[in-house]
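Heads up: the structure comes next, in structure tokens.
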Amino acid sequence: MPFSKSFPRTVKGSSYPQWEEVFLTEEEGKEEERKCKEENIRVMKDCIDDANQIIKEKNLKDYQTDLVNLAISLFEKRASHSIYWKESKAKEKFDESNK
């Protein structure tokens, strides 16, 4: 299913914007999902390292489940979702088409 996002374009002489819908091709959508996945894996690894450091600094018990739970909490705060990546790509296409 193709991804689409609407953006307002200013129309000269009008107080109201004209909404323009931008579609991503199947390939563009898959590419954004791939980049998002790679970034999320990198962020999760960073979160695990940070969680491990927090546990050591605070002299907490070194239980793997606690480490993973702390990493997941950090990840949820940091992680980007694929919809964000797709919206960013759609905005880029919109901006390029309106130059």
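How things are named: the first chain in the structure tokens is A, the next is B, and so on; residues count from 1 in each chain; ligands count from 1 in the order shown.
Neighbours of stretch 61-69 of chain A closer than or equal to 7 Å, with only C-alpha atoms counted and sequence neighbours fewer than 6 positions away skipped, come out as Ile48, Ala51, Asn52 and Ile55 of chain A.
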Please identify which residues in chain A DSSP calls alpha helix (DSSP H) from the backbone, and express them as a ChimeraX atom specification. /A:26-57,64-78,82-97
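Across the model, the gap from atom CA of A:Lys12 to atom CA of A:Glu87 is 25.6 Å.
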- Determine, counting only C-alpha atoms, which protein, DNA and RNA residues have an atom within 9 Å of an atom of A:Met44; residues of the same chain fewer than 6 positions away are not included. Present the result as a ChimeraX atom specification. /A:71-72,74-75,78-79
So which residues of chain A fall under strand (DSSP E or B) by DSSP, listed as a PyMOL selection string? chain A and resi 4-9+18-23
